[in-house]
Every structure is written in structure tokens, then in C-alpha cells.
$ cat entry-v1.csv   # CSV, C-alpha atoms and all ligand atoms
chain,number,residue,atom,x,y,z
Y,1,MET,CA,-35.9,29.7,26.6
Y,2,GLN,CA,-34.3,31.2,29.7
Y,3,ASN,CA,-33.9,27.7,31.2
Y,4,LEU,CA,-32.3,26.4,28.0
Y,5,VAL,CA,-29.7,29.2,28.1
Y,6,TYR,CA,-29.1,28.6,31.8
Y,7,GLN,CA,-28.6,24.9,31.2
Y,8,GLU,CA,-26.2,25.4,28.4
Y,9,CYS,CA,-23.9,28.1,29.8
Y,10,GLY,CA,-25.0,29.1,33.3
Y,11,MET,CA,-26.0,32.6,32.2
Y,12,TYR,CA,-29.1,33.7,34.2
Y,13,PHE,CA,-31.5,36.3,33.0
Y,14,ASP,CA,-33.5,37.7,35.9
Y,15,SER,CA,-36.3,40.3,35.3
Y,16,ARG,CA,-33.8,43.1,35.1
Y,17,ARG,CA,-32.0,41.5,32.1
Y,18,ALA,CA,-35.1,39.8,30.5
Y,19,HIS,CA,-35.4,42.6,27.9
Y,20,PHE,CA,-31.9,42.0,26.8
Y,21,LEU,CA,-32.6,38.3,26.2
Y,22,GLN,CA,-35.8,39.2,24.4
Y,23,ASP,CA,-34.0,41.6,22.1
Y,24,ARG,CA,-31.3,39.2,21.2
Y,25,LEU,CA,-33.9,36.4,20.6
Y,26,GLN,CA,-35.8,38.7,18.3
Y,27,ARG,CA,-32.6,39.3,16.2
Y,28,ARG,CA,-31.9,35.6,15.9
Y,29,LEU,CA,-35.5,34.9,15.0
Y,30,LYS,CA,-35.3,37.4,12.2
Y,31,GLU,CA,-32.0,36.1,11.0
Y,32,CYS,CA,-33.4,32.5,10.9
Y,33,ARG,CA,-36.6,33.8,9.2
Y,34,LEU,CA,-38.8,32.3,11.8
Y,35,ASP,CA,-42.0,33.8,13.0
Y,36,SER,CA,-42.4,32.7,16.6
Y,37,PHE,CA,-40.4,32.0,19.7
Y,38,TYR,CA,-41.9,28.5,19.8
Y,39,SER,CA,-40.5,27.6,16.4
Y,40,TYR,CA,-37.1,29.1,17.3
Y,41,TYR,CA,-37.1,27.0,20.5
Y,42,ARG,CA,-38.0,23.8,18.5
Y,43,LEU,CA,-35.0,24.6,16.2
Y,44,LEU,CA,-32.6,25.1,19.2
Y,45,ILE,CA,-33.5,21.7,20.8
Y,46,SER,CA,-33.4,19.8,17.5
Y,47,ASN,CA,-30.4,17.9,16.2
Y,48,ASP,CA,-29.8,20.5,13.6
Y,49,GLY,CA,-30.0,23.3,16.1
Y,50,LYS,CA,-26.5,23.0,17.7
Y,51,ALA,CA,-24.9,25.7,15.5
Y,52,GLU,CA,-27.8,28.1,16.0
Y,53,LEU,CA,-27.6,27.5,19.8
Y,54,ALA,CA,-23.9,28.4,19.7
Y,55,ARG,CA,-24.8,31.5,17.7
Y,56,LEU,CA,-27.4,32.5,20.2
Y,57,LEU,CA,-25.0,32.1,23.1
Y,58,GLU,CA,-22.5,34.3,21.3
Y,59,ASN,CA,-25.1,37.0,21.0
Y,60,LEU,CA,-25.9,36.8,24.7
Y,61,THR,CA,-22.4,37.2,26.0
Y,62,VAL,CA,-21.1,40.6,27.2
Y,63,ASN,CA,-17.5,40.9,25.9
Y,64,GLU,CA,-16.5,44.1,27.5
Y,65,THR,CA,-12.8,44.0,28.6
Y,66,SER,CA,-9.6,46.1,28.6
Y,67,PHE,CA,-5.9,45.8,29.1
Y,68,PHE,CA,-4.7,46.2,32.7
Y,69,ARG,CA,-8.2,46.1,34.0
Y,70,ASN,CA,-8.4,46.7,37.8
Y,71,LYS,CA,-4.9,48.0,38.5
Y,72,ALA,CA,-5.0,47.4,42.3
Y,73,GLN,CA,-5.8,43.8,41.7
Y,74,LEU,CA,-3.0,43.4,39.1
Y,75,ASP,CA,-0.5,45.0,41.5
Y,76,LEU,CA,-1.4,42.4,44.0
Y,77,PHE,CA,-0.9,39.7,41.4
Y,78,HIS,CA,2.3,41.1,40.0
Y,79,LYS,CA,4.1,42.3,43.1
Y,80,HIS,CA,3.0,39.9,45.8
Y,81,ILE,CA,1.4,36.7,44.5
Y,82,LEU,CA,3.8,36.1,41.5
Y,83,ASP,CA,6.8,36.8,43.8
Y,84,GLN,CA,5.5,34.3,46.3
Y,85,ILE,CA,4.8,31.6,43.7
Y,86,LEU,CA,8.2,32.0,42.0
Y,87,ARG,CA,10.1,31.8,45.3
Y,88,GLN,CA,8.1,28.7,46.4
Y,89,LYS,CA,8.6,27.0,43.0
Y,90,GLN,CA,12.3,27.8,43.0
Y,91,GLU,CA,12.6,26.2,46.5
Y,92,ASN,CA,10.9,23.1,45.2
Y,93,ARG,CA,13.0,23.1,42.0
Y,94,GLU,CA,9.8,23.1,40.0
Y,95,PHE,CA,10.0,25.5,37.1
Y,96,SER,CA,6.7,25.3,35.4
Y,97,LEU,CA,3.9,27.8,35.8
Y,98,ARG,CA,0.3,27.5,34.7
Y,99,PHE,CA,-2.2,30.3,34.5
Y,100,TRP,CA,-5.7,30.4,33.2
Y,101,SER,CA,-7.9,33.3,32.0
Y,102,ALA,CA,-11.3,31.8,32.1
Y,103,GLY,CA,-13.7,34.0,30.1
Y,104,CYS,CA,-10.9,35.8,28.3
Y,105,SER,CA,-13.1,37.7,25.8
Y,106,THR,CA,-11.0,39.4,23.1
Y,107,GLY,CA,-7.7,38.7,24.8
Y,108,GLN,CA,-6.7,41.8,26.7
Y,109,GLU,CA,-6.8,39.9,30.0
Y,110,PRO,CA,-4.5,37.0,29.1
Y,111,TYR,CA,-2.1,39.4,27.2
Y,112,THR,CA,-1.9,41.5,30.3
Y,113,MET,CA,-1.2,38.4,32.4
Y,114,ALA,CA,1.5,37.4,30.0
Y,115,MET,CA,3.2,40.8,30.2
Y,116,LEU,CA,3.1,40.8,34.0
Y,117,VAL,CA,4.4,37.2,34.3
Y,118,ALA,CA,7.3,37.9,31.9
Y,119,ASP,CA,8.3,40.9,33.9
Y,120,ALA,CA,8.0,39.1,37.3
Y,121,LEU,CA,10.1,36.2,35.9
Y,122,SER,CA,12.9,38.4,34.6
Y,123,TYR,CA,13.1,40.3,37.8
Y,124,HIS,CA,13.1,37.0,39.8
Y,125,CYS,CA,15.9,35.6,37.7
Y,126,LEU,CA,17.9,38.8,38.0
Y,127,ARG,CA,17.7,38.5,41.8
Y,128,ASN,CA,18.2,34.7,41.8
Y,129,PRO,CA,20.6,33.7,39.0
Y,130,SER,CA,20.1,30.1,38.2
Y,131,GLY,CA,23.5,29.4,36.5
Y,132,HIS,CA,21.7,28.6,33.3
Y,133,GLU,CA,23.2,30.2,30.2
Y,134,ALA,CA,20.5,32.7,28.9
Y,135,PRO,CA,20.4,32.6,25.1
Y,136,LEU,CA,20.6,35.9,23.2
Y,137,PRO,CA,18.4,37.7,22.4
Y,138,LYS,CA,17.0,37.2,25.9
Y,139,PRO,CA,13.8,35.1,25.8
Y,140,LEU,CA,10.6,36.4,27.6
Y,141,VAL,CA,10.8,33.3,29.7
Y,142,PRO,CA,14.3,32.6,30.9
Y,143,PRO,CA,15.3,28.9,31.2
Y,144,PRO,CA,14.7,26.7,33.0
Y,145,TRP,CA,11.2,28.2,33.6
Y,146,ARG,CA,8.2,27.3,31.4
Y,147,VAL,CA,5.0,29.3,31.3
Y,148,GLU,CA,1.7,28.2,29.9
Y,149,ILE,CA,-1.3,30.6,29.9
Y,150,LEU,CA,-4.6,29.1,28.8
Y,151,ALA,CA,-7.1,31.7,27.6
Y,152,SER,CA,-10.6,30.3,27.1
Y,153,ASP,CA,-14.1,31.6,26.3
Y,154,ILE,CA,-17.5,30.3,25.1
Y,155,SER,CA,-17.6,32.8,22.3
Y,156,TYR,CA,-15.7,31.8,19.1
Y,157,THR,CA,-15.9,35.3,17.8
Y,158,ALA,CA,-14.1,36.7,20.9
Y,159,LEU,CA,-11.6,33.8,20.7
Y,160,ARG,CA,-10.8,34.6,17.1
Y,161,ALA,CA,-10.1,38.3,17.9
Y,162,ALA,CA,-8.0,37.2,20.9
Y,163,GLN,CA,-5.9,34.9,18.8
Y,164,GLU,CA,-5.5,37.6,16.2
Y,165,GLY,CA,-4.2,40.0,18.8
Y,166,THR,CA,-4.5,43.3,17.1
Y,167,TYR,CA,-6.0,46.3,18.8
Y,168,ASN,CA,-6.9,49.9,17.9
Y,169,GLU,CA,-5.7,53.0,19.6
Y,170,ALA,CA,-8.8,53.3,21.9
Y,171,GLN,CA,-8.3,49.7,23.1
Y,172,MET,CA,-4.6,50.4,23.7
Y,173,GLY,CA,-5.5,53.4,26.0
Y,174,SER,CA,-4.5,51.6,29.2
Y,175,VAL,CA,-1.2,50.1,27.8
Y,176,ASP,CA,1.7,52.4,28.7
Y,177,TYR,CA,4.5,53.1,26.2
Y,178,THR,CA,7.0,50.8,27.8
Y,179,TYR,CA,4.7,47.8,27.3
Y,180,ARG,CA,3.8,49.0,23.7
Y,181,LEU,CA,7.5,49.2,22.9
Y,182,ARG,CA,8.3,45.8,24.2
Y,183,HIS,CA,5.3,43.7,23.1
Y,184,PHE,CA,3.6,45.3,20.2
Y,185,ASP,CA,4.3,46.3,16.6
Y,186,LYS,CA,2.3,49.0,14.8
Y,187,VAL,CA,0.6,47.5,11.7
Y,188,GLY,CA,-1.3,50.2,9.9
Y,189,GLU,CA,-3.6,51.8,12.3
Y,190,ARG,CA,-3.5,48.9,14.8
Y,191,TYR,CA,-1.1,47.4,17.4
Y,192,ALA,CA,-0.3,43.8,16.9
Y,193,VAL,CA,0.9,41.6,19.8
Y,194,ARG,CA,4.4,40.3,19.1
Y,195,LYS,CA,4.9,36.6,18.5
Y,196,ALA,CA,7.0,36.0,21.6
Y,197,LEU,CA,4.2,37.1,23.9
Y,198,LYS,CA,1.6,35.3,21.9
Y,199,GLU,CA,3.5,32.1,22.2
Y,200,LEU,CA,3.0,32.0,25.9
Y,201,ILE,CA,-0.8,31.8,25.4
Y,202,HIS,CA,-2.9,28.9,24.2
Y,203,PHE,CA,-6.5,29.9,23.2
Y,204,ASP,CA,-9.2,27.3,23.5
Y,205,PHE,CA,-13.0,27.0,23.8
Y,206,HIS,CA,-14.2,26.0,27.2
Y,207,ASN,CA,-17.8,26.3,28.5
Y,208,LEU,CA,-17.5,27.0,32.3
Y,209,LYS,CA,-20.8,25.2,32.7
Y,210,THR,CA,-19.2,21.8,31.9
Y,211,GLU,CA,-17.5,19.5,34.5
Y,212,TYR,CA,-14.2,18.9,32.7
Y,213,LEU,CA,-12.1,22.0,33.0
Y,214,PRO,CA,-8.3,22.5,32.8
Y,215,GLN,CA,-6.5,21.3,35.9
Y,216,ARG,CA,-3.3,22.0,37.8
Y,217,ASN,CA,-3.3,25.8,37.5
Y,218,ASP,CA,-1.3,28.0,39.8
Y,219,VAL,CA,-3.6,31.0,39.2
Y,220,ILE,CA,-7.0,31.4,37.7
Y,221,PHE,CA,-8.5,34.7,36.5
Y,222,CYS,CA,-12.2,34.5,36.1
Y,223,ARG,CA,-13.2,38.2,36.2
Y,224,ASN,CA,-16.6,39.7,35.3
Y,225,VAL,CA,-18.0,36.3,34.2
Y,226,MET,CA,-19.7,34.9,37.4
Y,227,MET,CA,-21.8,38.1,37.7
Y,228,TYR,CA,-24.0,36.7,34.8
Y,229,PHE,CA,-24.6,33.5,36.7
Y,230,ASP,CA,-27.1,32.9,39.5
Y,231,GLU,CA,-25.9,31.9,43.0
Y,232,ALA,CA,-26.3,28.2,42.5
Y,233,GLU,CA,-24.2,28.3,39.4
Y,234,GLN,CA,-21.6,30.5,41.0
Y,235,ARG,CA,-21.2,28.0,43.9
Y,236,ARG,CA,-20.8,25.1,41.4
Y,237,LEU,CA,-18.2,27.1,39.4
Y,238,ILE,CA,-16.2,28.0,42.6
Y,239,GLU,CA,-16.1,24.3,43.6
Y,240,LYS,CA,-14.8,23.4,40.1
Y,241,PHE,CA,-12.2,26.2,40.3
Y,242,ALA,CA,-11.0,24.8,43.7
Y,243,ARG,CA,-10.4,21.4,41.9
Y,244,CYS,CA,-8.7,23.1,39.0
Y,245,LEU,CA,-6.1,24.8,41.2
Y,246,ASN,CA,-2.8,23.5,42.6
Y,247,PRO,CA,-2.6,23.4,46.4
Y,248,GLY,CA,-2.4,27.0,47.6
Y,249,GLY,CA,-3.4,28.3,44.2
Y,250,TYR,CA,-5.1,31.7,43.6
Y,251,LEU,CA,-8.4,32.8,42.1
Y,252,PHE,CA,-9.1,36.3,40.9
Y,253,VAL,CA,-12.7,37.5,40.4
Y,254,GLY,CA,-14.1,40.8,39.1
Y,255,HIS,CA,-14.3,43.8,41.4
Y,256,ALA,CA,-18.1,43.5,41.5
Y,257,GLU,CA,-17.9,39.8,42.4
Y,258,SER,CA,-17.1,38.0,45.6
Y,259,LEU,CA,-16.7,34.6,47.1
Y,260,LEU,CA,-18.1,35.7,50.4
Y,261,GLY,CA,-20.7,33.3,51.8
Y,262,LEU,CA,-20.3,31.0,48.7
Y,263,THR,CA,-17.4,28.7,49.8
Y,264,GLU,CA,-15.3,27.5,52.6
Y,265,LYS,CA,-12.4,26.5,50.3
Y,266,PHE,CA,-10.8,29.9,49.8
Y,267,THR,CA,-9.5,32.7,52.0
Y,268,MET,CA,-9.5,36.3,50.9
Y,269,ILE,CA,-6.2,38.2,50.6
Y,270,TYR,CA,-5.8,41.8,49.8
Y,271,ARG,CA,-3.4,44.7,49.4
Y,272,ASP,CA,-4.7,48.2,49.2
Y,273,THR,CA,-7.9,47.8,47.3
Y,274,GLY,CA,-6.8,44.7,45.3
Y,275,THR,CA,-8.3,41.4,46.3
Y,276,ALA,CA,-7.8,37.7,45.4
Y,277,TYR,CA,-8.7,34.4,46.9
Y,278,GLN,CA,-6.2,31.6,47.9
Y,279,LYS,CA,-7.2,28.0,48.1
Y,280,ILE,CA,-7.0,26.7,51.6
Y,281,GLU,CA,-4.5,23.8,51.9
Y,282,GLY,CA,-6.1,20.4,52.1
Y,283,THR,CA,-9.4,21.4,50.5
Y,284,ALA,CA,-10.8,20.0,47.2
Y,301,LIG,C1,-17.4,40.7,30.5
Y,301,LIG,S1,-16.3,39.6,29.7
Y,301,LIG,C2,-14.9,39.6,30.8
Y,301,LIG,C3,-13.6,39.5,30.1
Y,301,LIG,C4,-12.4,39.5,31.0
Y,301,LIG,N1,-12.4,38.4,31.9
Y,301,LIG,C5,-12.3,40.8,31.8
Y,301,LIG,O1,-12.6,40.8,33.0
Y,301,LIG,O2,-12.0,41.9,31.3
Y,301,LIG,C6,-17.1,38.0,30.0
Y,301,LIG,C7,-16.7,36.9,29.2
Y,301,LIG,O3,-17.2,35.6,29.7
Y,301,LIG,C8,-17.5,34.8,28.7
Y,301,LIG,N2,-18.5,33.8,29.2
Y,301,LIG,C9,-19.8,33.9,29.6
Y,301,LIG,N3,-20.3,32.7,29.9
Y,301,LIG,C10,-19.3,31.8,29.8
Y,301,LIG,C11,-19.3,30.4,29.9
Y,301,LIG,N4,-20.3,29.7,30.4
Y,301,LIG,N5,-18.1,29.8,29.7
Y,301,LIG,C12,-17.0,30.5,29.2
Y,301,LIG,N6,-17.0,31.8,29.0
Y,301,LIG,C13,-18.2,32.5,29.3
Y,301,LIG,C14,-18.2,35.7,27.6
Y,301,LIG,O4,-18.2,35.2,26.3
Y,301,LIG,C15,-17.3,37.0,27.8
Y,301,LIG,O5,-16.2,37.0,26.8
$ encode --input "entry-v1.csv" --output "C-alpha cells"
Amino acid sequence: MQNLVYQECGMYFDSRRAHFLQDRLQRRLKECRLDSFYSYYRLLISNDGKAELARLLENLTVNETSFFRNKAQLDLFHKHILDQILRQKQENREFSLRFWSAGCSTGQEPYTMAMLVADALSYHCLRNPSGHEAPLPKPLVPPPWRVEILASDISYTALRAAQEGTYNEAQMGSVDYTYRLRHFDKVGERYAVRKALKELIHFDFHNLKTEYLPQRNDVIFCRNVMMYFDEAEQRRLIEKFARCLNPGGYLFVGHAESLLGLTEKFTMIYRDTGTAYQKIEGTA
């Protein structure tokens, strides 16, 4: 069963996490009214088992996330990396930007990225007027710039919540009032992401285990996902990310994750305690 899960999604259950796998399998077994792991396994590998396999994988994912997670890393993204990317694109007269939140869970990460990108762009345009007439009310993405943020996950339940984009007070704890005012409406007890911010994001299912992943990204966030994979799978994923990034593109991983010793294709950059990895020119 461990192998099947590993083959399907890259998640690796070592002895420390075996009890978690066992517990989730028991629950699915009960739900399917089956009396042995063997019969459940037969179901999973059968032609009719695809939907159940997807349900099992959903039950095995850890979806913990929050807005503005890892502040130091986001400062590096916002104040240095975005600034660098925008200046370079402007020089090349290339006005499209592509970001990817790979393993976006319930959406707090891609919405955080969208808020930071919108701010960085307005500030960039204030300092470098393009001569383009800005329509009123001011759009989040001033012309001629175009922003696409892809947010993907293997869990349909998480993706549905991300797409809905409504959060309770506890989930909003790390969103300060200026961001709440600009990007959220209060609907009953919850905060709903405004349409303009939502429109920057495209939500989609992608299993990071597969070969065909979204290409031509300027920045990839894949935070707190690789930690559930074993080393071989982490190496494969990093290779794929190198191919999915534009030359000189950036990869952000979680604070408990590192590319150290796993690849020659990236170099680490840091400011204060925030770290990211930049693809080395000419690789991949
Ligand atoms: C702990 S959450 C991290 C969310 C967000 N990136 C953050 O750092 O706050 C991990 C997410 O990775 C997703 N995930 C796990 N394995 C995956 C795979 N093979 N392909 C795509 N997403 C995966 C899970 O469904 C989960 O939503």
C-alpha cells in the first residue's frame, strides 16, 4: 500500500509516519465497508478503483497553511526578487509575469502571492511611468503588464476551498487591516476574497509526481510539500522545477526544506533569514 501511494503521488511514509497511513487506511476501509487491507488494495488497483484512490490520497495530504506564511521569505520575494524581475522584464519590454503555487492547499499562499505581486507592480509603475493611460478605477495590474498565477494541488477538496476564497477570523489572523480593506469583503462571519484579486489566479489540479507540469514560470512556490517526499522523489521534482522555470527563475521551498546536496542547477540566495533558490543560467 505504501508503494502504491508513493508511485501515485510521491508521498513517502517512513516508520515515523506509518501509523498515520494506517489510521487513514482504516477509515477508508470502514467507509468502503471492506474487511481487510488486501480487499481494499484490490479495489484500489482495479479499473473501478480510480475514484477511491483519489479519495485516499486526499485523506493522506496535510493541508496546513496560512496567509503570509514565513514573513522573512516573503520579504525577500516582495522587496528584492519581484523588484529585480520587474526591472529586467521592463528592460526587455516583456510585460508578462507567470507565478506558480505548487501545492497551494486552501489558497492562502497564492492569494498572498497575488497581493504582494499587485503591490510590487503598482510601486514599480509609480517609479517607472510607462506612458500608458491607466483606466479608472485603477486595475490591480496596470497595463501593459499581465499577471498569471497558477495555483495547483492534488486535493480537489483543498482546491474547491481555494477557489471559493472565503476565510474565517482565525484564518485571517495574519492578514493585516490594509490588506483586508483592499482585497476582502466581509460576508456574514467570513472574509471573501474580492473578484479582482481572484481573477489573477487560475486554480487547477496537478499531481507533482507526473512529468508534464506547467512551463515558463518566473517564480515557483512549492513550500511544505517536498517534506512529505523521500530524497529520490525530491531530486526528481527539483529537476522538473528547473525545467518549468524561465532562465534565472526562482524557486521557494518551505523553511524546513532545502535543496542543499540535491541539485547543481540552483544557487541559494538570502536576505536576513529569508531564503530562495535561483536557477543557474544555462542549466536545464
Ligand atoms: C502542508 S500543505 C502546504 C501549503 C502551502 N504551500 C504552504 O506552504 O502553506 C501541502 C500541500 O501539498 C499538496 N500535495 C501533496 N502531494 C502532492 C502532489 N503529489 N502533487 C500536488 N500537490 C501535492 C497537499 O494536498 C497539500 O495541500
$ residues_around --input "entry-v1.csv" --residues "range 172-176 of chain Y" --least-positions-apart "3" --cutoff "12 Å" --atoms "all atoms listed in the file" --output "PyMOL selection string"
chain Y and resi 65-71+108-109+111-112+115-116+165-169+179-184+186+189-193
$ atom_distance --input "entry-v1.csv" --atom1 "CA of Glu8 in chain Y" --atom2 "CA of Gly103 in chain Y"
15.3 Å
$ residues_near_ligand --input "entry-v1.csv" --ligand "ligand LIG 301 (chain Y)" --cutoff "6 Å" --atoms "all atoms listed in the file" --output "PDB file with C-alpha atoms, keeping the file's coordinate frame"
ATOM      1  CA  CYS Y   9     -23.900  28.100  29.800  1.00  0.00           C
ATOM      2  CA  GLY Y  10     -25.000  29.100  33.300  1.00  0.00           C
ATOM      3  CA  THR Y  61     -22.400  37.200  26.000  1.00  0.00           C
ATOM      4  CA  VAL Y  62     -21.100  40.600  27.200  1.00  0.00           C
ATOM      5  CA  ASN Y  63     -17.500  40.900  25.900  1.00  0.00           C
ATOM      6  CA  GLU Y  64     -16.500  44.100  27.500  1.00  0.00           C
ATOM      7  CA  THR Y  65     -12.800  44.000  28.600  1.00  0.00           C
ATOM      8  CA  SER Y  66      -9.600  46.100  28.600  1.00  0.00           C
ATOM      9  CA  GLY Y 103     -13.700  34.000  30.100  1.00  0.00           C
ATOM     10  CA  CYS Y 104     -10.900  35.800  28.300  1.00  0.00           C
ATOM     11  CA  SER Y 105     -13.100  37.700  25.800  1.00  0.00           C
ATOM     12  CA  GLU Y 109      -6.800  39.900  30.000  1.00  0.00           C
ATOM     13  CA  ASP Y 153     -14.100  31.600  26.300  1.00  0.00           C
ATOM     14  CA  ILE Y 154     -17.500  30.300  25.100  1.00  0.00           C
ATOM     15  CA  SER Y 155     -17.600  32.800  22.300  1.00  0.00           C
ATOM     16  CA  HIS Y 206     -14.200  26.000  27.200  1.00  0.00           C
ATOM     17  CA  ASN Y 207     -17.800  26.300  28.500  1.00  0.00           C
ATOM     18  CA  LEU Y 208     -17.500  27.000  32.300  1.00  0.00           C
ATOM     19  CA  LYS Y 209     -20.800  25.200  32.700  1.00  0.00           C
ATOM     20  CA  CYS Y 222     -12.200  34.500  36.100  1.00  0.00           C
ATOM     21  CA  ARG Y 223     -13.200  38.200  36.200  1.00  0.00           C
ATOM     22  CA  ASN Y 224     -16.600  39.700  35.300  1.00  0.00           C
ATOM     23  CA  VAL Y 225     -18.000  36.300  34.200  1.00  0.00           C
TER      24      VAL Y 225
END
$ residues_around --input "entry-v1.csv" --residues "Ala118 in chain Y" --least-positions-apart "5" --cutoff "9 Å" --atoms "all atoms listed in the file" --output "PyMOL selection string"
chain Y and resi 113+123+140-142+147+197
$ residues_near_point --input "entry-v1.csv" --point "(-8.9, 32.5, 45.0)" --cutoff "7 Å" --atoms "all atoms listed in the file" --output "PDB file with C-alpha atoms, in the frame of the given file"
ATOM      1  CA  GLY Y 249      -3.400  28.300  44.200  1.00  0.00           C
ATOM      2  CA  TYR Y 250      -5.100  31.700  43.600  1.00  0.00           C
ATOM      3  CA  LEU Y 251      -8.400  32.800  42.100  1.00  0.00           C
ATOM      4  CA  PHE Y 252      -9.100  36.300  40.900  1.00  0.00           C
ATOM      5  CA  PHE Y 266     -10.800  29.900  49.800  1.00  0.00           C
ATOM      6  CA  ALA Y 276      -7.800  37.700  45.400  1.00  0.00           C
ATOM      7  CA  TYR Y 277      -8.700  34.400  46.900  1.00  0.00           C
ATOM      8  CA  GLN Y 278      -6.200  31.600  47.900  1.00  0.00           C
ATOM      9  CA  LYS Y 279      -7.200  28.000  48.100  1.00  0.00           C
TER      10      LYS Y 279
END
$ residues_around --input "entry-v1.csv" --residues "Tyr228 in chain Y" --least-positions-apart "2" --cutoff "6 Å" --atoms "all atoms listed in the file" --output "MDAnalysis selection string"
chainID Y and resid 11:12 226
$ residues_around --input "entry-v1.csv" --residues "range 76-85 of chain Y" --least-positions-apart "3" --cutoff "12 Å" --atoms "all atoms listed in the file" --output "ChimeraX atom specification"
/Y:68,70-73,88-99,112-125,127-128,217-221,246-252,269-278
$ write_last_selection --input "entry-v1.csv" --atoms "C-alpha atoms" --output "compact mmCIF listing (two decimals), keeping the file's coordinate frame"
# COMPACT_ATOMS: atom_id res chain seq x y z
CA PHE Y 68 -4.70 46.20 32.70
CA ASN Y 70 -8.40 46.70 37.80
CA LYS Y 71 -4.90 48.00 38.50
CA ALA Y 72 -5.00 47.40 42.30
CA GLN Y 73 -5.80 43.80 41.70
CA GLN Y 88 8.10 28.70 46.40
CA LYS Y 89 8.60 27.00 43.00
CA GLN Y 90 12.30 27.80 43.00
CA GLU Y 91 12.60 26.20 46.50
CA ASN Y 92 10.90 23.10 45.20
CA ARG Y 93 13.00 23.10 42.00
CA GLU Y 94 9.80 23.10 40.00
CA PHE Y 95 10.00 25.50 37.10
CA SER Y 96 6.70 25.30 35.40
CA LEU Y 97 3.90 27.80 35.80
CA ARG Y 98 0.30 27.50 34.70
CA PHE Y 99 -2.20 30.30 34.50
CA THR Y 112 -1.90 41.50 30.30
CA MET Y 113 -1.20 38.40 32.40
CA ALA Y 114 1.50 37.40 30.00
CA MET Y 115 3.20 40.80 30.20
CA LEU Y 116 3.10 40.80 34.00
CA VAL Y 117 4.40 37.20 34.30
CA ALA Y 118 7.30 37.90 31.90
CA ASP Y 119 8.30 40.90 33.90
CA ALA Y 120 8.00 39.10 37.30
CA LEU Y 121 10.10 36.20 35.90
CA SER Y 122 12.90 38.40 34.60
CA TYR Y 123 13.10 40.30 37.80
CA HIS Y 124 13.10 37.00 39.80
CA CYS Y 125 15.90 35.60 37.70
CA ARG Y 127 17.70 38.50 41.80
CA ASN Y 128 18.20 34.70 41.80
CA ASN Y 217 -3.30 25.80 37.50
CA ASP Y 218 -1.30 28.00 39.80
CA VAL Y 219 -3.60 31.00 39.20
CA ILE Y 220 -7.00 31.40 37.70
CA PHE Y 221 -8.50 34.70 36.50
CA ASN Y 246 -2.80 23.50 42.60
CA PRO Y 247 -2.60 23.40 46.40
CA GLY Y 248 -2.40 27.00 47.60
CA GLY Y 249 -3.40 28.30 44.20
CA TYR Y 250 -5.10 31.70 43.60
CA LEU Y 251 -8.40 32.80 42.10
CA PHE Y 252 -9.10 36.30 40.90
CA ILE Y 269 -6.20 38.20 50.60
CA TYR Y 270 -5.80 41.80 49.80
CA ARG Y 271 -3.40 44.70 49.40
CA ASP Y 272 -4.70 48.20 49.20
CA THR Y 273 -7.90 47.80 47.30
CA GLY Y 274 -6.80 44.70 45.30
CA THR Y 275 -8.30 41.40 46.30
CA ALA Y 276 -7.80 37.70 45.40
CA TYR Y 277 -8.70 34.40 46.90
CA GLN Y 278 -6.20 31.60 47.90
$ atom_distance --input "entry-v1.csv" --atom1 "CA of Arg146 in chain Y" --atom2 "CA of Gly254 in chain Y"
27.2 Å
$ atom_distance --input "entry-v1.csv" --atom1 "CA of Ser15 in chain Y" --atom2 "CA of Ser258 in chain Y"
21.9 Å
$ closest_residue --input "entry-v1.csv" --among "Y:Ala102, Y:Asn3, Y:Lys265, Y:Phe229" --to "Asp204 in chain Y" --atoms "all atoms listed in the file"
Y:Ala102
$ closest_residue --input "entry-v1.csv" --among "Y:Leu245, Y:Ile201, Y:Ala161, Y:Met227" --to "Leu213 in chain Y" --atoms "all atoms listed in the file"
Y:Leu245
$ closest_residue --input "entry-v1.csv" --among "Y:His255, Y:Gly261, Y:Glu52, Y:His19" --to "Ile238 in chain Y" --atoms "all atoms listed in the file"
Y:Gly261
$ residues_around --input "entry-v1.csv" --residues "range 39-46 of chain Y" --least-positions-apart "3" --cutoff "12 Å" --atoms "all atoms listed in the file" --output "VMD selection string"
chain Y and resid 1 to 5 7 to 8 25 to 36 49 to 57
$ decode --input "entry-v1.csv" --residues "range 202-212 of chain Y" --atoms "N, CA, C and O atoms" --output "CSV table (one decimal), in the first residue's frame"
chain,number,residue,atom,x,y,z
Y,202,HIS,N,-5.4,31.2,-11.4
Y,202,HIS,CA,-6.1,30.1,-12.1
Y,202,HIS,C,-5.8,28.9,-11.2
Y,202,HIS,O,-4.7,28.5,-11.0
Y,203,PHE,N,-6.9,28.2,-10.8
Y,203,PHE,CA,-6.8,27.0,-9.9
Y,203,PHE,C,-6.9,25.8,-10.8
Y,203,PHE,O,-7.8,25.7,-11.7
Y,204,ASP,N,-6.0,24.8,-10.6
Y,204,ASP,CA,-6.0,23.6,-11.4
Y,204,ASP,C,-5.5,22.4,-10.6
Y,204,ASP,O,-4.6,22.6,-9.7
Y,205,PHE,N,-5.9,21.2,-11.0
Y,205,PHE,CA,-5.3,20.0,-10.4
Y,205,PHE,C,-4.0,19.7,-11.1
Y,205,PHE,O,-3.9,19.6,-12.3
Y,206,HIS,N,-2.9,19.5,-10.4
Y,206,HIS,CA,-1.7,19.0,-10.9
Y,206,HIS,C,-1.1,18.1,-9.9
Y,206,HIS,O,-0.9,18.5,-8.7
Y,207,ASN,N,-0.7,16.9,-10.3
Y,207,ASN,CA,0.0,15.9,-9.4
Y,207,ASN,C,1.5,16.1,-9.7
Y,207,ASN,O,1.9,15.9,-10.8
Y,208,LEU,N,2.2,16.6,-8.7
Y,208,LEU,CA,3.7,16.9,-8.9
Y,208,LEU,C,4.5,15.6,-9.2
Y,208,LEU,O,5.6,15.7,-9.6
Y,209,LYS,N,3.9,14.5,-9.1
Y,209,LYS,CA,4.6,13.2,-9.4
Y,209,LYS,C,4.7,13.1,-11.0
Y,209,LYS,O,5.5,12.4,-11.5
Y,210,THR,N,3.8,13.7,-11.7
Y,210,THR,CA,3.7,13.5,-13.1
Y,210,THR,C,4.8,14.3,-13.8
Y,210,THR,O,5.3,15.3,-13.3
Y,211,GLU,N,5.1,14.0,-15.1
Y,211,GLU,CA,6.2,14.6,-15.8
Y,211,GLU,C,5.7,15.9,-16.4
Y,211,GLU,O,6.5,16.9,-16.6
Y,212,TYR,N,4.4,16.0,-16.8
Y,212,TYR,CA,4.0,17.2,-17.5
Y,212,TYR,C,3.5,18.3,-16.6
Y,212,TYR,O,2.4,18.2,-16.1
